[in-house]
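Okay, so here's the structure we're looking at.
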Amino acid sequence: IITTKRGIIMEFNWYRKELKDKYNILQKLKRTVIDKEELEKICDTMKVIEICLSKERVPGEIEILLEEDYLELTKTKFIWPYIKNIANIKNNYIPSFSSDETILSKKDILDLLHEFFRNGTTKEIYDLFCKIYRENKKNIHFLDSPEVSFTGETIYLEYFKKTYIQVFKRYSFEDLNTFAHEFGHAIEFNMNFQNNLFRDLNVYVEIISIFFELICNEYFVKGEFTRPAIITGYSTLDEHLENAKNLKNEFVLLNAISITKYENRLQLRSNIDTLVENLSKDDISSIMYLKPGRDYIYVFAFLVATNLFMIYKMDRDKAFYLVNKIINLNGELSCEEYFHELEKLELLDANKAQDYTNFIHNRSRKLK
């Protein structure tokens, strides 16, 4: 399936033809296959390709954005208090260091990724990384990017066991972390592909990838990339905390337009109209620019990933034991049941996210 660091599905170009070819193959197979399990896998893979070949509908009006965010985000309202906890984290340190201008080639990045996965993860994960890389080398692209709000995508076609990764250049050390993020998706999908992660369980799809992003950056803090790694670590933290604050503000608006189970979408739209009439032009412009709802799954994933990170710093084996537990959770669980499984693993502690924030701030203060 497709996933991005900024939650946007885009129209692909470089592997669009291959996806269409694969779709045609599956259409023919669908007519002849009898085995129920294989047929289900074919249908699921076709659905993935359909999503990848379609364009995302980007809300152009505040009313549409609020309606879509309300309908999507209120499905998991039990998560809101945890996102509010992230929004409340103390983030009052503003660094004085200059921006990172590290430029890495694709070869540089792939060499560094091999080093990180070999020395910073487990043998099982390193071997799987090598396998994914070896079997999908032609499907890994590092591209000059237009003005886009996201940095990478990963597609996994279960029926063909094929992985596609593309990363858009930011001409900074962040490019390496983006590749680690996308390979985090690839590792999760190849270990235990759960199609429901892109349906009912979508809010959990970024947990593993953000964890790999954080520990990859951490691995390179010591050595020749100390400065860019510290700068990138701080900017990543700051982005997640700011996104949490924006979401907390949007929750206020979504609560203001809420409807009861006895009311329909007409009432929801009426509530939205009333709210919009009372918003200033600046408020509307800010919401349309920030689009907080698209960061929802990333902020929650950041909470879980920082809990895993703090464990990783103390006990690497335990951290990867928990990573495996998450990857192998039952994909047939309801969204709330899945959430309770994360609770049982004790990975929803906002204090750990605060500890992570303090850890990044203290190290950033030492950079001159």
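Residues in the structure tokens are numbered from 1 in each chain, the chains being A, B, ... in the order shown, and ligands are numbered from 1 in the order shown.
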
Could you pull the residues within 10 Å of Glu341 in chain A, counting only C-alpha atoms, minus those fewer than 6 positions along the same chain, as an MDAnalysis selection string?
-> chainID A and resid 325:326 329:330 333 347

All residues 9 Å or closer to Phe193 in chain A, only C-alpha atoms, same chain fewer than 3 positions away omitted, as a list in words =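 In the requested form, the answer reads Tyr156, Glu158, Glu188, Phe189, Asn190, Asn196, Leu197, Ile327 and Gly331 of chain A.
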
Selected residue of minimal separation from Arg316 in chain A among A:Arg170, A:Glu213, A:Thr121, A:Asn246, counting only C-alpha atoms |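 Between A:Arg170, A:Glu213, A:Thr121, A:Asn246, the residue approaching Arg316 in chain A most closely is A:Thr121.
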
Of the candidates A:Val33, A:Thr260, A:Leu104, A:Glu63, which one gets nearest to Phe225 in chain A if we count only C-alpha atoms?
->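 Looking at the shortest contact to Phe225 in chain A, the residue is A:Leu104.
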
Can you tell me which residues surround Leu29 in chain A at a distance of at most 12 Å, considering only C-alpha atoms, apart from same-chain residues fewer than 3 positions away, and format the answer as a JSON list (two decimals) with N, CA, C and O atoms, in the first residue's frame?
```
[["chain", "number", "residue", "atom", "x", "y", "z"],
["A", 22, "LYS", "N", 0.69, -4.63, -13.82],
["A", 22, "LYS", "CA", 0.42, -5.59, -12.74],
["A", 22, "LYS", "C", -1.10, -5.72, -12.52],
["A", 22, "LYS", "O", -1.61, -6.81, -12.26],
["A", 23, "TYR", "N", -1.80, -4.61, -12.65],
["A", 23, "TYR", "CA", -3.26, -4.63, -12.47],
["A", 23, "TYR", "C", -3.93, -5.49, -13.53],
["A", 23, "TYR", "O", -4.84, -6.28, -13.24],
["A", 24, "ASN", "N", -3.46, -5.36, -14.77],
["A", 24, "ASN", "CA", -4.02, -6.15, -15.87],
["A", 24, "ASN", "C", -3.76, -7.64, -15.65],
["A", 24, "ASN", "O", -4.63, -8.49, -15.94],
["A", 25, "ILE", "N", -2.57, -7.97, -15.15],
["A", 25, "ILE", "CA", -2.25, -9.38, -14.84],
["A", 25, "ILE", "C", -3.21, -9.92, -13.79],
["A", 25, "ILE", "O", -3.75, -11.03, -13.91],
["A", 26, "LEU", "N", -3.44, -9.13, -12.77],
["A", 26, "LEU", "CA", -4.32, -9.55, -11.68],
["A", 26, "LEU", "C", -5.77, -9.71, -12.14],
["A", 26, "LEU", "O", -6.48, -10.62, -11.70],
["A", 32, "THR", "N", -9.63, -16.72, -13.22],
["A", 32, "THR", "CA", -9.30, -18.15, -13.29],
["A", 32, "THR", "C", -8.97, -18.78, -11.94],
["A", 32, "THR", "O", -9.07, -20.00, -11.80],
["A", 33, "VAL", "N", -8.58, -17.97, -10.96],
["A", 33, "VAL", "CA", -8.15, -18.53, -9.67],
["A", 33, "VAL", "C", -9.35, -19.07, -8.89],
["A", 33, "VAL", "O", -10.40, -18.42, -8.81],
["A", 34, "ILE", "N", -9.20, -20.22, -8.32],
["A", 34, "ILE", "CA", -10.25, -20.86, -7.54],
["A", 34, "ILE", "C", -9.98, -20.77, -6.04],
["A", 34, "ILE", "O", -10.90, -20.57, -5.24],
["A", 35, "ASP", "N", -8.70, -20.88, -5.67],
["A", 35, "ASP", "CA", -8.33, -20.85, -4.25],
["A", 35, "ASP", "C", -8.78, -19.55, -3.59],
["A", 35, "ASP", "O", -8.44, -18.45, -4.05],
["A", 38, "GLU", "N", -5.94, -17.17, -2.20],
["A", 38, "GLU", "CA", -5.20, -16.50, -3.27],
["A", 38, "GLU", "C", -6.07, -15.42, -3.93],
["A", 38, "GLU", "O", -5.59, -14.33, -4.25],
["A", 39, "LEU", "N", -7.36, -15.71, -4.11],
["A", 39, "LEU", "CA", -8.27, -14.75, -4.70],
["A", 39, "LEU", "C", -8.38, -13.49, -3.83],
["A", 39, "LEU", "O", -8.42, -12.36, -4.33],
["A", 40, "GLU", "N", -8.44, -13.68, -2.53],
["A", 40, "GLU", "CA", -8.51, -12.55, -1.60],
["A", 40, "GLU", "C", -7.26, -11.69, -1.70],
["A", 40, "GLU", "O", -7.33, -10.46, -1.70],
["A", 41, "LYS", "N", -6.10, -12.33, -1.82],
["A", 41, "LYS", "CA", -4.83, -11.60, -1.95],
["A", 41, "LYS", "C", -4.80, -10.82, -3.26],
["A", 41, "LYS", "O", -4.30, -9.68, -3.31],
["A", 42, "ILE", "N", -5.33, -11.42, -4.33],
["A", 42, "ILE", "CA", -5.39, -10.73, -5.63],
["A", 42, "ILE", "C", -6.27, -9.49, -5.52],
["A", 42, "ILE", "O", -5.89, -8.39, -5.97],
["A", 43, "CYS", "N", -7.44, -9.63, -4.92],
["A", 43, "CYS", "CA", -8.38, -8.50, -4.79],
["A", 43, "CYS", "C", -7.79, -7.39, -3.93],
["A", 43, "CYS", "O", -7.94, -6.19, -4.24],
["A", 45, "THR", "N", -4.59, -6.72, -3.51],
["A", 45, "THR", "CA", -3.51, -6.08, -4.25],
["A", 45, "THR", "C", -4.08, -5.15, -5.33],
["A", 45, "THR", "O", -3.55, -4.07, -5.58],
["A", 46, "MET", "N", -5.17, -5.58, -5.97],
["A", 46, "MET", "CA", -5.82, -4.71, -6.97],
["A", 46, "MET", "C", -6.31, -3.43, -6.33],
["A", 46, "MET", "O", -6.19, -2.33, -6.91],
["A", 159, "TYR", "N", 0.66, -9.43, -3.49],
["A", 159, "TYR", "CA", 0.57, -10.61, -4.36],
["A", 159, "TYR", "C", 1.90, -10.87, -5.08],
["A", 159, "TYR", "O", 2.30, -12.02, -5.26]]
```

Within range 126-254 of chain A, find each residue whose DSSP state, derived from the backbone, is strand (DSSP E), and express the selection as an MDAnalysis selection string.
-> chainID A and resid 140:143 152:157 162:168

Output for the residues just chosen: N, CA, C and O atoms as a PDB file, in the first residue's frame:
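File part35.pdb, as written:
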```pdb
ATOM      1  N   ILE A 140      13.807   1.580  -6.250  1.00  0.00           N
ATOM      2  CA  ILE A 140      14.163   2.562  -5.219  1.00  0.00           C
ATOM      3  C   ILE A 140      14.689   3.799  -5.921  1.00  0.00           C
ATOM      4  O   ILE A 140      15.740   3.757  -6.574  1.00  0.00           O
ATOM      5  N   HIS A 141      13.980   4.917  -5.783  1.00  0.00           N
ATOM      6  CA  HIS A 141      14.321   6.135  -6.514  1.00  0.00           C
ATOM      7  C   HIS A 141      14.523   7.313  -5.570  1.00  0.00           C
ATOM      8  O   HIS A 141      13.807   7.459  -4.577  1.00  0.00           O
ATOM      9  N   PHE A 142      15.491   8.160  -5.913  1.00  0.00           N
ATOM     10  CA  PHE A 142      15.822   9.372  -5.158  1.00  0.00           C
ATOM     11  C   PHE A 142      15.713  10.523  -6.144  1.00  0.00           C
ATOM     12  O   PHE A 142      16.549  10.673  -7.038  1.00  0.00           O
ATOM     13  N   LEU A 143      14.667  11.334  -6.018  1.00  0.00           N
ATOM     14  CA  LEU A 143      14.287  12.254  -7.082  1.00  0.00           C
ATOM     15  C   LEU A 143      14.389  13.711  -6.688  1.00  0.00           C
ATOM     16  O   LEU A 143      14.135  14.085  -5.546  1.00  0.00           O
ATOM     17  N   GLY A 152       8.451  11.344   0.982  1.00  0.00           N
ATOM     18  CA  GLY A 152       8.665   9.994   0.488  1.00  0.00           C
ATOM     19  C   GLY A 152       7.414   9.138   0.479  1.00  0.00           C
ATOM     20  O   GLY A 152       6.449   9.434   1.189  1.00  0.00           O
ATOM     21  N   GLU A 153       7.428   8.078  -0.324  1.00  0.00           N
ATOM     22  CA  GLU A 153       6.324   7.110  -0.378  1.00  0.00           C
ATOM     23  C   GLU A 153       6.861   5.694  -0.447  1.00  0.00           C
ATOM     24  O   GLU A 153       7.942   5.458  -0.981  1.00  0.00           O
ATOM     25  N   THR A 154       6.090   4.781   0.088  1.00  0.00           N
ATOM     26  CA  THR A 154       6.382   3.355  -0.044  1.00  0.00           C
ATOM     27  C   THR A 154       5.113   2.642  -0.493  1.00  0.00           C
ATOM     28  O   THR A 154       4.042   2.879   0.064  1.00  0.00           O
ATOM     29  N   ILE A 155       5.247   1.786  -1.493  1.00  0.00           N
ATOM     30  CA  ILE A 155       4.145   0.946  -1.954  1.00  0.00           C
ATOM     31  C   ILE A 155       4.575  -0.506  -1.807  1.00  0.00           C
ATOM     32  O   ILE A 155       5.715  -0.856  -2.133  1.00  0.00           O
ATOM     33  N   TYR A 156       3.675  -1.336  -1.324  1.00  0.00           N
ATOM     34  CA  TYR A 156       3.944  -2.773  -1.256  1.00  0.00           C
ATOM     35  C   TYR A 156       2.791  -3.503  -1.923  1.00  0.00           C
ATOM     36  O   TYR A 156       1.632  -3.318  -1.559  1.00  0.00           O
ATOM     37  N   LEU A 157       3.124  -4.316  -2.930  1.00  0.00           N
ATOM     38  CA  LEU A 157       2.131  -5.127  -3.619  1.00  0.00           C
ATOM     39  C   LEU A 157       2.258  -6.562  -3.107  1.00  0.00           C
ATOM     40  O   LEU A 157       3.185  -7.294  -3.483  1.00  0.00           O
ATOM     41  N   LYS A 162       6.361  -7.229  -4.081  1.00  0.00           N
ATOM     42  CA  LYS A 162       7.178  -6.158  -4.647  1.00  0.00           C
ATOM     43  C   LYS A 162       7.055  -4.908  -3.789  1.00  0.00           C
ATOM     44  O   LYS A 162       5.968  -4.550  -3.335  1.00  0.00           O
ATOM     45  N   THR A 163       8.190  -4.234  -3.590  1.00  0.00           N
ATOM     46  CA  THR A 163       8.237  -2.994  -2.817  1.00  0.00           C
ATOM     47  C   THR A 163       8.734  -1.866  -3.708  1.00  0.00           C
ATOM     48  O   THR A 163       9.708  -2.035  -4.455  1.00  0.00           O
ATOM     49  N   TYR A 164       8.080  -0.727  -3.618  1.00  0.00           N
ATOM     50  CA  TYR A 164       8.481   0.459  -4.371  1.00  0.00           C
ATOM     51  C   TYR A 164       8.726   1.600  -3.378  1.00  0.00           C
ATOM     52  O   TYR A 164       7.878   1.868  -2.526  1.00  0.00           O
ATOM     53  N   ILE A 165       9.863   2.248  -3.496  1.00  0.00           N
ATOM     54  CA  ILE A 165      10.186   3.367  -2.604  1.00  0.00           C
ATOM     55  C   ILE A 165      10.650   4.543  -3.447  1.00  0.00           C
ATOM     56  O   ILE A 165      11.476   4.385  -4.355  1.00  0.00           O
ATOM     57  N   GLN A 166      10.128   5.713  -3.147  1.00  0.00           N
ATOM     58  CA  GLN A 166      10.716   6.910  -3.736  1.00  0.00           C
ATOM     59  C   GLN A 166      10.804   7.992  -2.672  1.00  0.00           C
ATOM     60  O   GLN A 166       9.930   8.131  -1.820  1.00  0.00           O
ATOM     61  N   VAL A 167      11.908   8.726  -2.727  1.00  0.00           N
ATOM     62  CA  VAL A 167      12.163   9.821  -1.790  1.00  0.00           C
ATOM     63  C   VAL A 167      12.475  11.074  -2.593  1.00  0.00           C
ATOM     64  O   VAL A 167      13.248  11.031  -3.552  1.00  0.00           O
ATOM     65  N   PHE A 168      11.861  12.184  -2.199  1.00  0.00           N
ATOM     66  CA  PHE A 168      12.126  13.471  -2.834  1.00  0.00           C
ATOM     67  C   PHE A 168      13.218  14.209  -2.071  1.00  0.00           C
ATOM     68  O   PHE A 168      13.164  14.326  -0.855  1.00  0.00           O
TER      69      PHE A 168
END
```

Quick one: everything within 12 Å of Thr232 in chain A, counting only C-alpha atoms, minus sequence neighbours fewer than 4 positions away in the same chain. Send it as a PyMOL selection string.
-> chain A and resi 95+97-102+170+172-178+213-214+216-218+220-221+225-228+236-239+360-361+363-364

Tell me which of A:Lys107, A:Ile215, A:Asp200, A:Ser209 sits closest to Tyr338 in chain A, counting only C-alpha atoms.
->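 Among the listed residues, A:Asp200 lies closest to Tyr338 in chain A.
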
Proximity to Ser334 in chain A - best of A:Val203, A:Glu135, A:Ile49, A:Asn88, only C-alpha atoms =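 Among A:Val203, A:Glu135, A:Ile49, A:Asn88, it is A:Val203 that comes nearest to Ser334 in chain A.
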